[in-house]
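structure03.txt (compact mmCIF, C-alpha atoms)
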# COMPACT_ATOMS: atom_id res chain seq x y z
CA MET Q 126 -17.95 -34.37 -62.20
CA SER Q 127 -16.49 -31.15 -60.82
CA GLY Q 128 -19.94 -30.31 -59.46
CA GLN Q 129 -19.95 -33.48 -57.39
CA ARG Q 130 -16.48 -32.69 -56.07
CA ASP Q 131 -17.69 -29.27 -54.90
CA VAL Q 132 -20.92 -30.43 -53.30
CA TRP Q 133 -19.21 -30.50 -49.90
CA ARG Q 134 -19.38 -26.70 -49.95
CA ILE Q 135 -23.18 -26.88 -49.93
CA VAL Q 136 -23.11 -29.32 -46.99
CA ALA Q 137 -20.65 -27.09 -45.09
CA ALA Q 138 -22.76 -23.98 -45.72
CA ARG Q 139 -25.85 -25.83 -44.49
CA GLU Q 140 -24.04 -26.92 -41.30
CA ILE Q 141 -23.01 -23.33 -40.61
CA VAL Q 142 -26.46 -21.85 -41.31
CA VAL Q 143 -28.25 -24.46 -39.17
CA LYS Q 144 -25.87 -23.83 -36.26
CA LEU Q 145 -26.15 -20.05 -36.49
CA ARG Q 146 -29.93 -20.35 -36.43
CA ASP Q 147 -29.72 -22.48 -33.29
CA ARG Q 148 -30.69 -20.09 -30.53
CA ASN Q 149 -29.01 -22.18 -27.84
CA PHE Q 150 -25.69 -22.07 -29.69
CA VAL Q 151 -25.81 -18.30 -30.20
CA VAL Q 152 -26.91 -17.60 -26.62
CA SER Q 153 -24.28 -19.90 -25.11
CA THR Q 154 -21.56 -18.25 -27.21
CA VAL Q 155 -22.61 -14.75 -26.15
CA VAL Q 156 -22.94 -15.80 -22.50
CA THR Q 157 -19.48 -17.37 -22.53
CA ILE Q 158 -17.92 -14.22 -24.01
CA VAL Q 159 -19.67 -12.06 -21.41
CA ALA Q 160 -18.55 -14.45 -18.65
CA ILE Q 161 -14.91 -14.24 -19.80
CA ILE Q 162 -14.96 -10.44 -19.90
CA ALA Q 163 -16.84 -10.17 -16.60
CA SER Q 164 -14.51 -12.57 -14.77
CA LEU Q 165 -11.44 -10.67 -15.95
CA ALA Q 166 -13.05 -7.34 -15.07
CA VAL Q 167 -13.90 -8.54 -11.56
CA SER Q 168 -10.39 -9.95 -11.15
CA GLY Q 169 -8.86 -6.67 -12.26
CA PHE Q 170 -11.16 -4.69 -9.94
CA LEU Q 171 -10.31 -6.85 -6.94
CA SER Q 172 -6.58 -6.69 -7.63
CA SER Q 173 -6.63 -2.90 -8.05
CA ARG Q 174 -8.92 -2.16 -5.11
CA PRO Q 175 -7.10 -0.35 -2.29
CA ASP Q 176 -6.36 -2.55 0.71
CA LYS Q 177 -7.08 -0.59 3.88
CA VAL Q 178 -5.80 -2.05 7.13
CA ASP Q 179 -7.15 -0.68 10.42
CA VAL Q 180 -4.60 -1.02 13.24
CA ALA Q 181 -5.46 -0.66 16.92
CA ILE Q 182 -2.37 0.72 18.70
CA VAL Q 183 -1.19 1.43 22.22
CA GLY Q 184 1.42 4.12 23.00
CA SER Q 185 2.73 7.14 21.12
CA ASP Q 186 5.73 5.32 19.66
CA THR Q 187 3.41 2.83 17.95
CA SER Q 188 1.94 5.50 15.68
CA VAL Q 189 5.46 6.14 14.32
CA VAL Q 190 5.65 2.47 13.28
CA VAL Q 191 2.30 2.75 11.46
CA ASP Q 192 3.37 5.96 9.70
CA THR Q 193 6.61 4.31 8.58
CA ALA Q 194 4.67 1.26 7.33
CA ASN Q 195 2.54 3.58 5.19
CA SER Q 196 5.69 5.15 3.72
CA LEU Q 197 7.15 1.73 2.91
CA ALA Q 198 3.90 0.60 1.27
CA ALA Q 199 3.83 3.79 -0.83
CA ASP Q 200 7.46 3.31 -1.87
CA ALA Q 201 6.60 -0.24 -2.97
CA ASP Q 202 3.89 1.21 -5.26
CA THR Q 203 1.04 -0.68 -3.61
CA ASP Q 204 -2.49 0.40 -2.73
CA THR Q 205 -2.10 -0.71 0.88
CA THR Q 206 -2.73 1.90 3.57
CA PHE Q 207 -2.66 1.60 7.36
CA THR Q 208 -4.95 3.59 9.64
CA ALA Q 209 -4.01 3.83 13.31
CA ARG Q 210 -6.69 3.71 16.02
CA PRO Q 211 -5.18 4.59 19.42
CA VAL Q 212 -6.71 2.83 22.44
CA ALA Q 213 -5.96 2.74 26.15
CA ASP Q 214 -4.30 -0.63 26.67
CA ARG Q 215 -3.66 -4.13 25.30
CA ALA Q 216 -7.01 -5.40 26.58
CA ALA Q 217 -8.82 -2.78 24.50
CA VAL Q 218 -6.76 -3.78 21.45
CA GLU Q 219 -7.68 -7.45 21.86
CA GLN Q 220 -11.35 -6.56 22.31
CA LEU Q 221 -11.44 -4.59 19.03
CA VAL Q 222 -9.69 -7.42 17.19
CA ARG Q 223 -12.18 -10.00 18.53
CA GLU Q 224 -15.11 -7.83 17.50
CA ASP Q 225 -13.63 -7.35 13.98
CA ALA Q 226 -13.67 -3.61 14.60
CA VAL Q 227 -10.05 -3.50 13.39
CA ASP Q 228 -7.99 -5.79 11.18
CA VAL Q 229 -4.99 -6.10 13.48
CA GLY Q 230 -3.54 -4.78 16.71
CA LEU Q 231 -0.01 -3.52 17.45
CA VAL Q 232 1.35 -3.31 21.00
CA PRO Q 233 4.82 -2.89 22.53
CA ALA Q 234 6.47 -6.16 23.52
CA GLU Q 235 9.54 -5.44 25.63
CA PRO Q 236 12.34 -6.26 25.20
CA THR Q 237 11.80 -7.80 21.71
CA GLY Q 238 10.07 -4.75 20.22
CA TRP Q 239 6.47 -5.11 19.02
CA GLN Q 240 3.71 -7.66 18.72
CA LEU Q 241 0.99 -7.87 16.11
CA ILE Q 242 -2.35 -9.24 17.28
CA GLY Q 243 -4.78 -10.94 14.90
CA LYS Q 244 -8.00 -12.85 15.37
CA THR Q 245 -7.72 -16.13 13.44
CA ALA Q 246 -5.03 -15.58 10.80
CA GLU Q 247 -2.09 -13.32 10.03
CA ASP Q 248 -2.63 -10.26 7.86
CA ASP Q 249 0.02 -10.49 5.12
CA ASN Q 250 0.23 -6.75 4.55
CA ALA Q 251 0.60 -6.03 8.25
CA THR Q 252 3.25 -8.73 8.61
CA THR Q 253 5.21 -7.38 5.64
CA TYR Q 254 5.11 -3.62 6.11
CA ILE Q 255 4.70 -3.16 9.85
CA THR Q 256 7.51 -5.65 10.50
CA ALA Q 257 9.74 -3.83 8.01
CA ALA Q 258 8.82 -0.49 9.58
CA ALA Q 259 9.66 -1.70 13.09
CA GLN Q 260 13.02 -3.04 11.88
CA GLN Q 261 13.84 0.23 10.11
CA ILE Q 262 13.04 2.30 13.20
CA ALA Q 263 15.10 -0.03 15.38
CA LEU Q 264 18.07 0.22 13.01
CA GLN Q 265 17.87 4.02 13.03
CA ARG Q 266 17.88 4.11 16.84
CA ASN Q 267 20.67 1.56 17.14
CA ALA Q 268 22.74 3.38 14.54
CA ALA Q 269 22.31 6.66 16.44
CA ALA Q 270 23.29 4.97 19.71
CA ALA Q 271 26.42 3.53 18.07
CA GLY Q 272 27.35 6.89 16.57
CA VAL Q 273 27.11 5.72 12.94
CA SER Q 274 24.73 6.54 10.13
CA LEU Q 275 22.01 4.22 8.97
CA GLU Q 276 23.73 3.90 5.59
CA GLU Q 277 26.97 2.81 7.24
CA LEU Q 278 25.13 0.33 9.43
CA GLY Q 279 23.40 -1.23 6.43
CA ARG Q 280 26.41 -1.27 4.10
CA GLY Q 281 26.72 -4.60 2.28
CA ALA Q 282 23.12 -5.63 2.96
CA THR Q 283 21.60 -4.47 -0.35
CA VAL Q 284 19.94 -7.22 -2.38
CA THR Q 285 19.00 -6.68 -6.03
CA TYR Q 286 16.95 -8.91 -8.33
CA ALA Q 287 18.12 -9.83 -11.85
CA LEU Q 288 15.61 -11.55 -14.16
CA LEU Q 289 17.18 -13.88 -16.70
CA GLU Q 290 14.09 -13.82 -18.93
CA GLN Q 291 12.68 -10.35 -19.21
CA GLY Q 292 8.93 -10.21 -19.81
CA ALA Q 293 8.35 -13.86 -18.90
CA VAL Q 294 4.78 -14.73 -18.01
CA ASP Q 295 3.99 -14.96 -14.32
CA PRO Q 296 3.85 -18.66 -13.29
CA GLY Q 297 0.40 -18.25 -11.76
CA LEU Q 298 -0.93 -16.58 -14.89
CA SER Q 299 0.61 -19.24 -17.16
CA LYS Q 300 -1.16 -21.97 -15.18
CA ILE Q 301 -4.46 -20.15 -15.62
CA VAL Q 302 -3.79 -19.81 -19.35
CA SER Q 303 -3.01 -23.55 -19.64
CA PHE Q 304 -6.24 -24.37 -17.81
CA VAL Q 305 -8.21 -22.09 -20.14
CA PHE Q 306 -6.68 -23.77 -23.20
CA ALA Q 307 -7.60 -27.21 -21.87
CA PHE Q 308 -11.13 -26.12 -20.98
CA LEU Q 309 -11.76 -24.45 -24.34
CA PHE Q 310 -10.47 -27.57 -26.11
CA TYR Q 311 -12.88 -29.74 -24.13
CA LEU Q 312 -15.82 -27.38 -24.62
CA ALA Q 313 -15.38 -27.00 -28.39
CA SER Q 314 -14.55 -30.68 -29.00
CA VAL Q 315 -17.63 -31.93 -27.20
CA LEU Q 316 -20.01 -29.20 -28.38
CA PHE Q 317 -19.22 -29.41 -32.09
CA GLY Q 318 -18.23 -33.07 -32.10
CA MET Q 319 -21.45 -34.26 -30.51
CA SER Q 320 -23.37 -32.05 -32.91
CA ILE Q 321 -21.73 -33.86 -35.84
CA ALA Q 322 -22.41 -37.29 -34.35
CA GLN Q 323 -26.05 -36.50 -33.61
CA SER Q 324 -26.56 -35.08 -37.09
CA VAL Q 325 -25.15 -38.24 -38.68
CA VAL Q 326 -27.17 -40.66 -36.58
CA GLU Q 327 -30.39 -38.68 -37.08
CA GLU Q 328 -29.92 -38.70 -40.85
CA LYS Q 329 -29.23 -42.41 -40.68
CA GLN Q 330 -32.17 -43.19 -38.36
CA ASN Q 331 -34.61 -41.16 -40.48
CA ARG Q 332 -33.33 -42.69 -43.75
CA ILE Q 333 -32.40 -39.22 -45.01
CA VAL Q 334 -28.89 -40.47 -45.67
CA GLU Q 335 -30.23 -42.77 -48.40
CA ILE Q 336 -31.53 -39.72 -50.27
CA LEU Q 337 -28.27 -37.86 -49.71
CA ALA Q 338 -26.24 -40.85 -50.89
CA SER Q 339 -28.13 -40.90 -54.16
CA ALA Q 340 -27.37 -37.23 -54.74
CA MET Q 341 -23.71 -37.00 -53.69
CA PRO Q 342 -20.69 -39.15 -52.79
CA LEU Q 343 -20.59 -39.99 -49.07
CA ARG Q 344 -17.04 -38.67 -48.94
CA GLN Q 345 -18.35 -35.23 -49.92
CA LEU Q 346 -20.99 -35.43 -47.21
CA LEU Q 347 -18.34 -36.16 -44.58
CA ILE Q 348 -16.03 -33.39 -45.81
CA GLY Q 349 -18.88 -30.88 -45.70
CA LYS Q 350 -19.87 -31.76 -42.16
CA VAL Q 351 -16.28 -31.60 -40.93
CA ALA Q 352 -15.47 -28.37 -42.76
CA GLY Q 353 -18.63 -26.57 -41.66
CA ASN Q 354 -18.18 -27.40 -38.01
CA ALA Q 355 -14.44 -26.65 -38.18
CA VAL Q 356 -15.20 -23.14 -39.43
CA LEU Q 357 -17.72 -22.60 -36.64
CA ALA Q 358 -15.34 -23.96 -33.99
CA PHE Q 359 -12.53 -21.74 -35.29
CA CYS Q 360 -14.70 -18.61 -35.21
CA GLN Q 361 -16.05 -19.36 -31.75
CA LEU Q 362 -12.59 -20.03 -30.31
CA ALA Q 363 -11.24 -16.87 -31.93
CA LEU Q 364 -14.01 -14.87 -30.22
CA PHE Q 365 -13.30 -16.47 -26.84
CA VAL Q 366 -9.55 -15.96 -27.12
CA GLY Q 367 -10.01 -12.39 -28.36
CA ALA Q 368 -12.26 -11.59 -25.40
CA GLY Q 369 -9.71 -13.06 -23.01
CA LEU Q 370 -6.79 -11.12 -24.50
CA ALA Q 371 -8.78 -7.88 -24.46
CA GLY Q 372 -9.63 -8.50 -20.83
CA LEU Q 373 -5.97 -9.08 -19.95
CA ALA Q 374 -4.98 -5.84 -21.66
CA VAL Q 375 -7.61 -3.90 -19.71
CA THR Q 376 -6.62 -5.46 -16.38
CA GLY Q 377 -3.01 -4.38 -16.58
CA LYS Q 378 -1.38 -7.52 -18.02
CA ALA Q 379 -0.24 -5.75 -21.19
CA ALA Q 380 3.42 -6.46 -20.45
CA GLN Q 381 2.77 -10.20 -20.70
CA LEU Q 382 0.15 -9.95 -23.43
CA GLY Q 383 2.55 -10.57 -26.32
CA GLN Q 384 3.66 -14.00 -25.14
CA ILE Q 385 0.15 -15.04 -24.14
CA ALA Q 386 -1.27 -13.83 -27.46
CA GLY Q 387 1.36 -15.86 -29.32
CA ALA Q 388 0.48 -18.96 -27.34
CA ALA Q 389 -3.23 -18.33 -27.94
CA GLY Q 390 -2.64 -18.02 -31.68
CA TRP Q 391 -0.81 -21.33 -31.73
CA PHE Q 392 -3.63 -22.89 -29.70
CA ILE Q 393 -6.19 -21.90 -32.34
CA VAL Q 394 -3.96 -23.28 -35.13
CA PHE Q 395 -3.31 -26.56 -33.27
CA PHE Q 396 -7.00 -26.92 -32.46
CA LEU Q 397 -8.06 -26.34 -36.06
CA VAL Q 398 -5.70 -29.05 -37.36
CA GLY Q 399 -6.56 -31.48 -34.57
CA PHE Q 400 -10.29 -30.82 -34.83
CA LEU Q 401 -10.29 -32.16 -38.38
CA ALA Q 402 -9.29 -35.54 -36.94
CA LEU Q 403 -11.68 -35.28 -33.98
CA ALA Q 404 -14.60 -34.22 -36.17
CA SER Q 405 -13.99 -37.19 -38.48
CA LEU Q 406 -14.00 -39.52 -35.49
CA TRP Q 407 -17.22 -37.98 -34.18
CA ALA Q 408 -18.80 -38.58 -37.59
CA VAL Q 409 -17.64 -42.19 -37.37
CA ALA Q 410 -19.25 -42.49 -33.93
CA GLY Q 411 -22.53 -41.36 -35.46
CA SER Q 412 -22.24 -43.66 -38.47
CA LEU Q 413 -21.60 -46.73 -36.29
CA ALA Q 414 -24.84 -46.10 -34.39
CA THR Q 415 -28.28 -46.98 -35.69
CA ARG Q 416 -30.31 -45.06 -33.10
CA SER Q 417 -29.61 -42.04 -30.94
CA GLU Q 418 -29.46 -44.38 -27.94
CA ASP Q 419 -26.44 -46.14 -29.48
CA LEU Q 420 -24.44 -42.94 -29.64
CA GLN Q 421 -23.44 -43.05 -25.99
CA SER Q 422 -21.71 -46.39 -26.60
CA THR Q 423 -20.07 -45.59 -29.93
CA ALA Q 424 -18.84 -42.20 -28.72
CA THR Q 425 -17.41 -43.44 -25.40
CA PRO Q 426 -13.82 -44.03 -26.62
CA LEU Q 427 -13.72 -40.56 -28.16
CA SER Q 428 -15.15 -38.96 -25.02
CA MET Q 429 -12.50 -40.70 -22.94
CA LEU Q 430 -9.77 -39.43 -25.27
CA ILE Q 431 -11.01 -35.86 -24.90
CA MET Q 432 -11.09 -36.21 -21.10
CA ILE Q 433 -7.53 -37.56 -21.10
CA VAL Q 434 -6.37 -34.57 -23.13
CA LEU Q 435 -8.22 -32.22 -20.77
CA PHE Q 436 -6.55 -33.64 -17.65
CA ALA Q 437 -3.17 -33.87 -19.38
CA GLY Q 438 -3.33 -30.19 -20.26
CA ILE Q 439 -4.17 -29.26 -16.66
CA PHE Q 440 -2.02 -31.61 -14.57
CA LEU Q 441 1.01 -32.75 -16.60
CA THR Q 442 4.30 -31.07 -15.72
CA GLY Q 443 7.99 -31.42 -16.49
CA THR Q 444 9.16 -34.11 -18.89
CA ALA Q 445 5.68 -35.62 -19.21
CA ARG Q 446 4.36 -32.26 -20.41
CA VAL Q 447 7.17 -31.95 -22.95
CA ILE Q 448 6.40 -35.42 -24.33
CA ALA Q 449 2.67 -34.66 -24.46
CA SER Q 450 3.35 -31.52 -26.47
CA TYR Q 451 4.50 -33.74 -29.35
CA VAL Q 452 1.72 -36.35 -29.07
CA PRO Q 453 -1.05 -35.69 -31.64
CA ILE Q 454 -4.28 -34.33 -30.12
CA MET Q 455 -2.58 -33.86 -26.72
CA SER Q 456 -0.32 -31.30 -28.33
CA ILE Q 457 -3.39 -29.09 -28.91
CA VAL Q 458 -3.25 -28.00 -25.27
CA ALA Q 459 0.22 -29.08 -24.14
CA MET Q 460 2.31 -27.15 -26.67
CA PRO Q 461 0.44 -23.81 -26.36
CA GLY Q 462 0.61 -24.26 -22.59
CA ARG Q 463 4.40 -24.59 -22.79
CA LEU Q 464 4.57 -21.55 -25.04
CA ALA Q 465 2.60 -19.55 -22.47
CA GLU Q 466 5.07 -20.66 -19.79
CA GLY Q 467 8.02 -19.76 -21.99
CA THR Q 468 9.50 -23.27 -21.75
CA ALA Q 469 9.26 -24.16 -25.46
CA ALA Q 470 11.78 -23.08 -28.09
CA TRP Q 471 10.50 -21.18 -31.13
CA TRP Q 472 10.91 -24.18 -33.45
CA GLU Q 473 9.09 -26.73 -31.28
CA PRO Q 474 5.50 -25.81 -32.24
CA PHE Q 475 6.36 -26.19 -35.93
CA ILE Q 476 7.62 -29.76 -35.35
CA ALA Q 477 4.63 -30.66 -33.16
CA LEU Q 478 2.17 -29.19 -35.67
CA ALA Q 479 3.77 -31.15 -38.52
CA VAL Q 480 3.52 -34.38 -36.51
CA MET Q 481 -0.15 -33.73 -35.75
CA ALA Q 482 -0.89 -32.82 -39.39
CA VAL Q 483 0.47 -36.19 -40.51
CA ALA Q 484 -1.52 -37.99 -37.81
CA THR Q 485 -4.65 -36.02 -38.73
CA TYR Q 486 -4.32 -37.01 -42.38
CA ALA Q 487 -4.01 -40.69 -41.43
CA ILE Q 488 -6.98 -40.49 -39.05
CA VAL Q 489 -9.17 -38.72 -41.61
CA VAL Q 490 -8.37 -41.34 -44.30
CA ILE Q 491 -9.25 -44.24 -41.99
CA ALA Q 492 -12.31 -42.44 -40.58
CA GLU Q 493 -13.62 -41.72 -44.08
CA ARG Q 494 -13.39 -45.40 -44.95
CA ILE Q 495 -15.25 -46.46 -41.80
CA TYR Q 496 -17.85 -43.71 -42.25
CA ARG Q 497 -18.51 -44.64 -45.88
CA ARG Q 498 -18.85 -48.36 -45.13
CA SER Q 499 -21.02 -48.07 -42.01
CA LEU Q 500 -23.32 -45.17 -42.89
CA MET Q 501 -25.70 -47.26 -45.02
CA GLN Q 502 -25.81 -50.17 -42.54
CA THR Q 503 -29.06 -49.98 -40.56
CA GLN Q 504 -29.34 -53.50 -39.14
CA GLY Q 505 -27.76 -52.62 -35.81
CA ARG Q 506 -24.88 -50.93 -34.03
CA LEU Q 507 -21.43 -51.66 -35.48
CA THR Q 508 -17.92 -51.69 -34.09
CA MET Q 509 -14.99 -50.14 -35.94
CA ARG Q 510 -13.61 -53.60 -36.71
CA GLN Q 511 -16.91 -54.71 -38.17
CA ALA Q 512 -17.16 -51.53 -40.25
CA LEU Q 513 -13.64 -51.98 -41.65
CA ALA Q 514 -14.48 -55.57 -42.57
CA LEU Q 515 -17.39 -54.40 -44.75
CA GLU Q 516 -16.94 -53.86 -48.45
CA ASP Q 517 -17.70 -50.58 -50.23
I'd like the structure from this file rewritten - as structure tokens, please.
Amino acid sequence: MSGQRDVWRIVAAREIVVKLRDRNFVVSTVVTIVAIIASLAVSGFLSSRPDKVDVAIVGSDTSVVVDTANSLAADADTDTTFTARPVADRAAVEQLVREDAVDVGLVPAEPTGWQLIGKTAEDDNATTYITAAAQQIALQRNAAAAGVSLEELGRGATVTYALLEQGAVDPGLSKIVSFVFAFLFYLASVLFGMSIAQSVVEEKQNRIVEILASAMPLRQLLIGKVAGNAVLAFCQLALFVGAGLAGLAVTGKAAQLGQIAGAAGWFIVFFLVGFLALASLWAVAGSLATRSEDLQSTATPLSMLIMIVLFAGIFLTGTARVIASYVPIMSIVAMPGRLAEGTAAWWEPFIALAVMAVATYAIVVIAERIYRRSLMQTQGRLTMRQALALED
């Protein structure tokens, strides 16, 4: 009797071995990991690449503005540098800008001071640092003319920045992290879920399930399929998340890595618990079908649910996002997303996980009943209501 209770281990091991021997699965996993690392490496390279701005200038005083802009950029610890290219007059400046020979032009504009010249759009670095340089030079001259020091002239104008939450994740980065969580949820749910459904319907269509049913309880068959694919999904997600965290550390996001790593850990835990419910439902979708062609119909409600969770994880904000973080299945992406943003208290994921664990247990119990009653029915496609109406 104990041997029959442990037969699910054999089924789970077979699911894992078959998947690991699937060349497409292995290749897609490796390619995804390489893509994650490469995208982060490219992002880090682009963000750290020096930004050189060529400036066409007119007049000797203009070069002082460019030199001051370089000093301000260096003080701000940026990689932005400005290179002055003296020309004869404004017409020559405009010609170089039109020909893309320089990034921007700088000419005197009496009596207001200076004018930056661009082709189709403003250069943010030029606007920031050259404008600040021109203002600093003007203040120095005005202070000298008034017979006061620059410090006296600027007294009371200092602005400091106090952060209420030290080490909080950058809002832009947290949005990217939430999107990644939602995408990984969708990818793993569909990839492994559809694999379960196809396996079930193929065994049913080829009558293999009748042989399996004579050798083991159908409950054990379902547990093995769910457990095997859950292990694979967990390992694959751990690899993806690990690659992403390593990439963040390399690209200079180490200061925010702790909070993101915590959110990623919770995401894996939430996914593992929620996937047990999703995997059971995918097995039900396969058991309700009689042929592979029926699977599209029986799996449609589940596919729609996964899409809803995907879009909820990406687009929900505010109160709606807080509510979603407690809704089973949706909480897989919503709660870790809130943790990445720093908007969830430490105790909230424990409550949400407990709620989803209870919901998962209920879903698995109902799914097992439907699976067991519909798996041996080969007359035609069934609905969930019809399957529940059948007797064991």
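If all atoms listed in the file are the atoms counted, then among Q:Ala512, Q:Val447, Q:Thr157, Q:Ala166 the closest residue to Leu364 (chain Q) is Q:Thr157.
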Practice task
Return the single residue from Q:Ile135, Q:Val178, Q:Leu403, Q:Ala414 that is closest to Ala484 (chain Q), with distances computed using all atoms listed in the file.
Solution key: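 Distance minimum relative to Ala484 (chain Q) lands on Q:Leu403.
Across Q:Ser417, Q:Ser303, Q:Thr187, Q:Thr205, the tightest approach to Gly438 (chain Q) is made by Q:Ser303 when counting all atoms listed in the file.
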Problem - Atomic distance CA of Thr253 (chain Q) - CA of Ala194 (chain Q), expressed in Å with one decimal - result: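 CA of Thr253 (chain Q) sits 8.8 Å away from CA of Ala194 (chain Q).
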Exercise for the section: Enter the distance from CA of Ile182 (chain Q) to CA of Thr208 (chain Q), in Å, rounded to one decimal. Expected result: 9.8 Å
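Excluding Glu219 (chain Q) itself and any same-chain residue fewer than 5 positions from it, the protein and nucleic acid residues within 12 Å of it, counting only C-alpha atoms, are Q:Val180, Q:Ala181, Q:Ile182, Q:Val183, Q:Val212, Q:Ala213, Q:Asp214, Q:Glu224, Q:Asp225, Q:Ala226, Q:Val227, Q:Asp228, Q:Val229, Q:Gly230, Q:Leu231, Q:Val232, Q:Gln240, Q:Leu241, Q:Ile242, Q:Gly243, Q:Lys244.
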Produce a file of the selected residues containing C-alpha atoms, as a tab-separated table (two decimals), keeping the file's coordinate frame.
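Result saved to part-v2.tsv:
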chain	number	residue	atom	x	y	z
Q	180	VAL	CA	-4.60	-1.02	13.24
Q	181	ALA	CA	-5.46	-0.66	16.92
Q	182	ILE	CA	-2.37	0.72	18.70
Q	183	VAL	CA	-1.19	1.43	22.22
Q	212	VAL	CA	-6.71	2.83	22.44
Q	213	ALA	CA	-5.96	2.74	26.15
Q	214	ASP	CA	-4.30	-0.63	26.67
Q	224	GLU	CA	-15.11	-7.83	17.50
Q	225	ASP	CA	-13.63	-7.35	13.98
Q	226	ALA	CA	-13.67	-3.61	14.60
Q	227	VAL	CA	-10.05	-3.50	13.39
Q	228	ASP	CA	-7.99	-5.79	11.18
Q	229	VAL	CA	-4.99	-6.10	13.48
Q	230	GLY	CA	-3.54	-4.78	16.71
Q	231	LEU	CA	-0.01	-3.52	17.45
Q	232	VAL	CA	1.35	-3.31	21.00
Q	240	GLN	CA	3.71	-7.66	18.72
Q	241	LEU	CA	0.99	-7.87	16.11
Q	242	ILE	CA	-2.35	-9.24	17.28
Q	243	GLY	CA	-4.78	-10.94	14.90
Q	244	LYS	CA	-8.00	-12.85	15.37
Practice task
Go through Q:Phe396, Q:Trp133, Q:Phe308, Q:Tyr496 one by one, measure the shortest atom-to-atom distance of each to Ala410 (chain Q) using all atoms listed in the file, and give the residue with the smallest value.
Solution key: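 With all atoms listed in the file as the atom set, the closest residue is Q:Tyr496.
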Problem - Distance of CA of Ile457 (chain Q) from CA of Phe395 (chain Q), expressed in Å to one decimal place - result: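 It comes out at 5.0 Å.
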Problem - Residues within 10 Å of Ser320 (chain Q), all atoms listed in the file, excluding chain neighbours under 4 positions, as a ChimeraX atom specification - result: /Q:140,144,314-316,324-325,350,354,404,407-408,411
Handout entry: Nearest residue to Phe400 (chain Q) from the set Q:Ala445, Q:Ile161, Q:Leu362, Q:Leu515 (distances using all atoms listed in the file)
Key =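 For Phe400 (chain Q), the nearest of the candidates is Q:Leu362.
Take the candidates Q:Leu507, Q:Ala313, Q:Ala322, Q:Val191 and check each one against Ala257 (chain Q) using only C-alpha atoms; the shortest distance goes to Q:Val191.
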Problem - Exercise: Val458 (chain Q) partners within 12 Å, all atoms listed in the file, chain neighbours under 6 positions left out, as a PyMOL selection string - result: chain Q and resi 300+302-311+388-397+399+431+433-441+446-447+449-452+464-465+474+477-478
